>>> print(open('start-v8.cif').read())   # mmCIF, C-alpha atoms and all ligand atoms
data_data
loop_
_atom_site.label_atom_id
_atom_site.label_comp_id
_atom_site.auth_asym_id
_atom_site.auth_seq_id
_atom_site.Cartn_x
_atom_site.Cartn_y
_atom_site.Cartn_z
CA MET A 21 19.66 16.40 -48.03
CA PHE A 22 20.52 19.77 -49.49
CA ARG A 23 24.22 18.88 -49.44
CA PHE A 24 23.52 15.59 -51.17
CA LEU A 25 21.62 17.30 -53.98
CA LYS A 26 24.24 19.97 -54.39
CA ARG A 27 27.00 17.37 -54.65
CA LYS A 28 24.99 15.50 -57.21
CA TRP A 29 24.48 18.64 -59.21
CA ILE A 30 28.09 19.87 -59.24
CA THR A 31 29.56 16.44 -59.93
CA GLY A 32 27.14 15.90 -62.79
CA ARG A 33 28.63 18.73 -64.83
CA PRO A 34 31.92 18.61 -66.75
CA ILE A 35 34.85 20.00 -64.78
CA PRO A 36 35.49 23.69 -65.58
CA GLU A 37 38.30 24.25 -68.11
CA ASP A 38 40.40 26.41 -65.79
CA LEU A 39 40.41 23.70 -63.11
CA LEU A 40 41.36 21.06 -65.64
CA ARG A 41 44.24 23.21 -66.86
CA ILE A 42 45.61 23.51 -63.31
CA LEU A 43 45.32 19.75 -62.73
CA LYS A 44 47.24 19.04 -65.92
CA ARG A 45 49.97 21.58 -65.36
CA LYS A 46 50.45 21.74 -61.63
CA VAL A 47 49.44 18.40 -60.13
CA PRO A 48 52.15 15.84 -60.94
CA VAL A 49 50.12 12.83 -59.73
CA TYR A 50 47.36 13.71 -62.20
CA GLN A 51 49.58 12.62 -65.09
CA LEU A 52 49.98 9.17 -63.51
CA LEU A 53 46.31 8.49 -62.93
CA PRO A 54 44.41 6.00 -65.06
CA GLU A 55 41.50 7.58 -66.93
CA LYS A 56 38.79 6.29 -64.61
CA TYR A 57 40.51 7.87 -61.62
CA ARG A 58 40.92 11.18 -63.43
CA ALA A 59 37.16 11.30 -63.86
CA LEU A 60 36.67 10.47 -60.18
CA LEU A 61 39.26 13.03 -59.15
CA HIS A 62 37.37 15.76 -61.02
CA LYS A 63 34.27 15.01 -58.96
CA ARG A 64 36.11 14.92 -55.65
CA VAL A 65 37.96 18.16 -56.39
CA VAL A 66 34.88 20.18 -57.30
CA VAL A 67 33.08 19.06 -54.15
CA LEU A 68 36.07 19.84 -51.91
CA LEU A 69 36.45 23.28 -53.49
CA ASP A 70 32.76 23.91 -52.98
CA GLU A 71 32.50 22.69 -49.39
CA LYS A 72 35.81 23.57 -47.74
CA HIS A 73 37.13 26.96 -46.91
CA PHE A 74 40.66 27.55 -48.25
CA GLU A 75 42.30 30.50 -46.58
CA GLY A 76 45.68 32.17 -46.95
CA CYS A 77 47.28 33.20 -43.65
CA GLY A 78 50.37 35.14 -42.61
CA GLY A 79 50.29 37.22 -45.79
CA LEU A 80 49.86 34.33 -48.21
CA GLU A 81 47.54 35.11 -51.08
CA MET A 82 45.16 32.22 -51.62
CA THR A 83 44.62 31.62 -55.30
CA MET A 84 42.41 29.21 -57.22
CA GLU A 85 45.57 27.43 -58.32
CA LYS A 86 46.75 26.77 -54.77
CA SER A 87 43.28 25.59 -53.71
CA VAL A 88 43.05 23.20 -56.65
CA ILE A 89 46.49 21.71 -55.96
CA ILE A 90 45.64 21.08 -52.31
CA ALA A 91 42.15 19.77 -53.12
CA ALA A 92 43.60 17.42 -55.76
CA TYR A 93 46.01 15.71 -53.36
CA ALA A 94 43.33 15.56 -50.67
CA ALA A 95 41.03 14.02 -53.29
CA ILE A 96 43.51 11.25 -54.11
CA LEU A 97 43.09 9.80 -50.61
CA ILE A 98 39.31 9.65 -51.01
CA LEU A 99 39.08 8.52 -54.64
CA GLU A 100 37.55 5.19 -53.66
CA GLU A 101 36.63 5.76 -50.03
CA LYS A 102 34.72 9.02 -50.07
CA ALA A 103 34.82 9.47 -46.27
CA ASP A 104 31.97 11.93 -46.75
CA TYR A 105 34.47 14.32 -48.33
CA TYR A 106 36.29 14.78 -45.03
CA GLY A 107 32.94 15.31 -43.29
CA ASP A 108 33.37 17.90 -40.56
CA LEU A 109 36.64 19.31 -41.83
CA GLN A 110 35.83 22.94 -42.55
CA SER A 111 38.94 24.95 -43.19
CA ILE A 112 42.36 24.57 -44.75
CA LEU A 113 44.65 27.35 -43.59
CA VAL A 114 47.76 27.93 -45.66
CA TYR A 115 50.82 29.81 -44.47
CA PRO A 116 53.66 30.99 -46.71
CA ASP A 117 56.29 28.97 -44.81
CA ASP A 118 56.66 26.93 -41.65
CA TYR A 119 54.72 28.70 -38.99
CA VAL A 120 55.34 28.99 -35.31
CA ALA A 121 52.84 27.26 -33.07
CA PRO A 122 52.53 27.40 -29.30
CA VAL A 123 53.28 24.12 -27.54
CA HIS A 124 52.41 22.85 -24.11
CA GLN A 125 54.66 20.22 -22.64
CA TYR A 126 54.72 18.35 -19.40
CA ASN A 127 58.10 17.82 -17.84
CA ASP A 128 58.91 15.10 -15.30
CA GLY A 129 57.53 17.09 -12.40
CA GLY A 130 54.21 17.42 -14.18
CA ILE A 131 54.71 21.13 -14.74
CA VAL A 132 53.65 22.62 -18.02
CA GLU A 133 56.44 24.14 -20.01
CA GLU A 134 55.17 26.43 -22.68
CA GLY A 135 57.13 27.36 -25.73
CA PHE A 136 56.99 27.59 -29.47
CA GLU A 137 58.03 25.33 -32.27
CA SER A 138 58.17 25.57 -36.00
CA ARG A 139 55.84 23.35 -38.00
CA ALA A 140 55.14 22.62 -41.63
CA GLY A 141 51.62 21.37 -41.13
CA GLU A 142 49.10 20.37 -38.59
CA TYR A 143 45.77 18.65 -38.22
CA TRP A 144 43.39 19.93 -35.59
CA GLN A 145 40.48 17.89 -34.48
CA ALA A 146 38.48 21.09 -34.46
CA GLY A 147 37.99 20.71 -38.21
CA ILE A 148 41.06 22.59 -39.38
CA ILE A 149 44.13 21.60 -41.35
CA VAL A 150 47.12 23.94 -41.45
CA LEU A 151 49.70 23.74 -44.24
CA SER A 152 52.91 25.49 -45.23
CA TRP A 153 52.87 26.44 -48.89
CA LYS A 154 56.67 26.49 -49.15
CA ASP A 155 56.83 22.84 -48.10
CA ILE A 156 54.11 21.87 -50.57
CA GLU A 157 55.93 23.60 -53.44
CA ASN A 158 59.26 22.09 -52.47
CA GLN A 159 57.82 18.58 -52.37
CA LEU A 160 55.88 18.90 -55.62
CA TYR A 161 58.30 20.82 -57.83
CA GLY A 162 61.46 21.64 -55.86
CA GLU A 163 64.44 19.99 -54.28
CA GLU A 164 62.32 17.60 -52.18
CA ARG A 165 60.54 16.31 -55.28
CA ASP A 166 62.09 12.90 -54.87
CA SER A 167 61.93 12.69 -51.08
CA GLY A 168 58.79 10.57 -50.88
CA GLN A 169 57.22 13.24 -48.66
CA ASN A 170 53.95 15.01 -49.26
CA LEU A 171 52.54 17.33 -46.62
CA ILE A 172 49.04 17.30 -48.09
CA TYR A 173 48.75 13.52 -47.95
CA HIS A 174 50.24 13.65 -44.49
CA GLU A 175 47.77 16.05 -42.91
CA PHE A 176 44.65 14.77 -44.65
CA SER A 177 45.48 11.19 -43.71
CA HIS A 178 45.51 12.30 -40.06
CA PHE A 179 41.88 13.19 -40.58
CA LEU A 180 41.09 9.71 -41.91
CA ASP A 181 43.05 8.03 -39.10
CA ASP A 182 41.15 10.10 -36.58
CA ARG A 183 37.79 9.48 -38.17
CA TYR A 184 38.17 5.72 -38.38
CA GLY A 185 40.32 5.22 -35.27
CA LEU A 186 42.93 3.45 -37.35
CA THR A 187 45.81 3.77 -34.92
CA ALA A 188 43.71 4.15 -31.78
CA GLY A 189 44.55 0.59 -30.69
CA ILE A 190 48.31 1.20 -30.42
CA ASP A 191 50.16 3.08 -27.70
CA ASP A 192 53.27 5.19 -28.22
CA ASP A 193 55.54 2.26 -27.37
CA GLY A 194 53.90 0.20 -30.09
CA ASP A 195 52.02 -2.10 -27.72
CA VAL A 196 48.56 -3.06 -28.90
CA MET A 197 45.30 -2.68 -27.06
CA ARG A 198 43.31 -4.42 -29.77
CA ASP A 199 43.90 -7.71 -31.44
CA ASP A 200 42.73 -7.22 -35.02
CA GLU A 201 45.08 -7.89 -37.90
CA TRP A 202 45.12 -4.26 -38.98
CA THR A 203 46.35 -3.10 -35.57
CA GLN A 204 48.96 -5.88 -35.41
CA ILE A 205 50.47 -5.01 -38.79
CA ILE A 206 50.71 -1.30 -38.08
CA ALA A 207 52.06 -1.84 -34.57
CA LYS A 208 54.77 -4.18 -35.81
CA ALA A 209 55.87 -1.82 -38.56
CA TYR A 210 55.77 1.14 -36.18
CA LYS A 211 57.95 -0.67 -33.66
CA ARG A 212 60.40 -1.61 -36.37
CA LEU A 213 60.75 2.07 -37.32
CA LYS A 214 60.82 3.26 -33.72
CA PHE A 215 63.54 0.86 -32.65
CA ARG A 216 65.29 1.10 -36.02
CA ARG A 217 65.37 -2.53 -36.92
CA GLY A 218 66.85 -2.79 -40.37
CA HIS A 219 66.88 -0.39 -43.29
CA THR A 220 63.76 1.64 -44.02
CA PHE A 221 62.41 4.02 -46.64
CA LEU A 222 59.92 5.43 -44.14
CA ASP A 223 60.65 8.88 -42.76
CA LYS A 224 61.87 8.62 -39.17
CA TYR A 225 59.28 11.21 -38.14
CA GLY A 226 56.87 8.28 -38.28
CA ALA A 227 58.52 6.94 -35.12
CA THR A 228 57.00 9.83 -33.13
CA ASN A 229 53.75 7.96 -32.43
CA PRO A 230 51.39 5.58 -34.25
CA ALA A 231 49.33 8.42 -35.79
CA GLU A 232 52.46 9.97 -37.33
CA PHE A 233 53.48 6.53 -38.50
CA PHE A 234 50.22 6.09 -40.37
CA SER A 235 50.58 9.46 -42.10
CA VAL A 236 54.23 8.86 -43.02
CA ALA A 237 53.33 5.41 -44.38
CA THR A 238 50.52 6.99 -46.42
CA GLU A 239 52.99 9.46 -47.95
CA LEU A 240 55.34 6.68 -49.01
CA PHE A 241 52.45 4.52 -50.24
CA PHE A 242 51.39 7.19 -52.72
CA GLN A 243 54.75 8.82 -53.48
CA LYS A 244 56.98 5.75 -53.75
CA PRO A 245 54.72 2.72 -53.71
CA GLN A 246 57.37 0.32 -55.00
CA LYS A 247 59.63 1.21 -52.05
CA LEU A 248 56.90 0.52 -49.54
CA LEU A 249 55.97 -2.73 -51.22
CA GLN A 250 59.60 -3.80 -51.24
CA GLU A 251 59.98 -2.94 -47.58
CA ASN A 252 56.77 -4.26 -46.11
CA LYS A 253 54.27 -6.12 -48.26
CA LYS A 254 51.74 -6.50 -45.44
CA LEU A 255 51.72 -2.80 -44.76
CA TYR A 256 51.41 -2.04 -48.46
CA THR A 257 48.46 -4.44 -48.80
CA LEU A 258 46.79 -2.97 -45.74
CA LEU A 259 46.96 0.56 -47.17
CA GLN A 260 45.90 -0.76 -50.57
CA ASN A 261 42.77 -2.20 -48.97
CA PHE A 262 42.09 0.87 -46.89
CA TYR A 263 42.36 3.39 -49.73
CA GLY A 264 40.99 0.96 -52.31
CA LEU A 265 43.87 1.96 -54.60
CA ASP A 266 47.05 0.41 -55.96
CA PRO A 267 49.36 3.33 -56.83
CA ILE A 268 52.12 1.00 -58.01
CA ARG A 269 50.11 0.69 -61.23
CA TRP A 270 50.02 4.44 -61.82
CA LYS A 271 52.71 5.09 -64.37
ZN ZN A 301 51.59 14.56 -38.55
#
>>> encode(input="start-v8.cif", output="C-alpha cells")
Amino acid sequence: MFRFLKRKWITGRPIPEDLLRILKRKVPVYQLLPEKYRALLHKRVVVLLDEKHFEGCGGLEMTMEKSVIIAAYAAILILEEKADYYGDLQSILVYPDDYVAPVHQYNDGGIVEEGFESRAGEYWQAGIIVLSWKDIENQLYGEERDSGQNLIYHEFSHFLDDRYGLTAGIDDDGDVMRDDEWTQIIAKAYKRLKFRRGHTFLDKYGATNPAEFFSVATELFFQKPQKLLQENKKLYTLLQNFYGLDPIRWK
C-alpha cells in the first residue's frame, strides 16, 4: 500500500527539469515518441529511478545521466504493460566494459568445467541486471548505432520473459511443449533462425535458445521495426500485442 501511494505521489508531479533535459539530449528514442508516450515515459522513469538501485561497478562512476538513460529504455518496454515496474528486480549493476563472469559447463562426461567468459550484459533471476556501459554507449551513439541492437532492451526483456513464462513452452531445439498460438509463432521463428532458413535481420545470438531469441526479437522490434515487420509479420504482431505498442509509427 505504501508503495502504491508513493508511486501515485511521484507520478502526479511534473518531471524534474534535469531529468527532462537528459531525456531530450541523451535518449534517442525519446525524440521518436508520440506525445502521449512521452508523458507515460516520464512516469515510468521517475518510478524506476525511485525504486531500483543503480550501481556503478568495476570503477564505473554511476551518474544521474547514466541512470536516466537506462531507466528510459527499460521504461519503453513497460509503457503500456506496467509489469509492476519490474516487480522484484532490485538492482542494475553497470560495469565500464564487458565484464568477466564465471561459467559452469557440463561436458559429455557430465563433469563440470569451470572457466570464465566475457559478457556485455546479464539477467539474474535473483533480481539483478548487469550491463556494460561501453556497449550501451556504442549502441546509442557510437559505431553500433545502426546495428539494431540494444543491450538495455535485451536484458530487461529477459525479465519480462521470465516473469510471464513467454518462452517457457519451447525447448532449445525449438520443439514446443505447449500448443498456444504464441508459443507456435515464437518456436517457428526461433527454428528458422537456428537452422538458418532464409535471410534474416535478427541477430544470430538469438539462435542460442528461445529466451535469447525473445530478447533479440525485442531489440529488433523497437530498434528496426520495419525490418522485423518485413521479415515476419506474425512475430511483429505478437510483440505488438505483448508490449501494446507499435514502434513502426514512431518517427
Ligand atoms: Zn540474453
>>> residues_around(input="start-v8.cif", residues="Gly194 (chain A)", least_positions_apart="4", cutoff="6 Å", atoms="only C-alpha atoms", output="mmCIF file with C-alpha atoms, in the coordinates of the input")
data_model
loop_
_atom_site.group_PDB
_atom_site.id
_atom_site.type_symbol
_atom_site.label_atom_id
_atom_site.label_comp_id
_atom_site.auth_asym_id
_atom_site.auth_seq_id
_atom_site.Cartn_x
_atom_site.Cartn_y
_atom_site.Cartn_z
ATOM 1 C CA ILE A 190 48.310 1.200 -30.420
ATOM 2 C CA ALA A 207 52.060 -1.840 -34.570
ATOM 3 C CA LYS A 211 57.950 -0.670 -33.660
#
>>> residues_around(input="start-v8.cif", residues="Gln243 (chain A)", least_positions_apart="2", cutoff="9 Å", atoms="all atoms listed in the file", output="ChimeraX atom specification")
/A:49,166-170,238-241,245,267
>>> residues_near_ligand(input="start-v8.cif", ligand="ligand ZN 301 (chain A)", cutoff="8 Å", atoms="all atoms listed in the file", output="list in words")
Gly141, Glu142, Tyr143, His174, Glu175, His178, Ala231, Glu232, Ser235 and Val236 of chain A
>>> residues_around(input="start-v8.cif", residues="region 67-77 of chain A", least_positions_apart="6", cutoff="12 Å", atoms="all atoms listed in the file", output="ChimeraX atom specification")
/A:23-33,35,39,60-61,83-96,98,102-119,147-153
>>> atom_distance(input="start-v8.cif", atom1="CA of Gln159 (chain A)", atom2="CA of Thr187 (chain A)")
25.8 Å
>>> atom_distance(input="start-v8.cif", atom1="CA of Tyr263 (chain A)", atom2="CA of Glu101 (chain A)")
6.2 Å
>>> residues_around(input="start-v8.cif", residues="Ile206 (chain A)", least_positions_apart="4", cutoff="8 Å", atoms="only C-alpha atoms", output="PyMOL selection string")
chain A and resi 187+202+210+230+234+255
>>> closest_residue(input="start-v8.cif", among="A:Lys253, A:Lys208, A:Arg64, A:Lys154", to="Ile172 (chain A)", atoms="all atoms listed in the file")
A:Lys154
>>> closest_residue(input="start-v8.cif", among="A:Leu43, A:Leu186, A:Ile156, A:Leu99", to="Gly264 (chain A)", atoms="all atoms listed in the file")
A:Leu99
>>> atom_distance(input="start-v8.cif", atom1="CA of Gly162 (chain A)", atom2="CA of Phe179 (chain A)")
26.2 Å
>>> closest_residue(input="start-v8.cif", among="A:Ala237, A:Ala59, A:Leu265, A:Gly79", to="Ser177 (chain A)", atoms="all atoms listed in the file")
A:Ala237
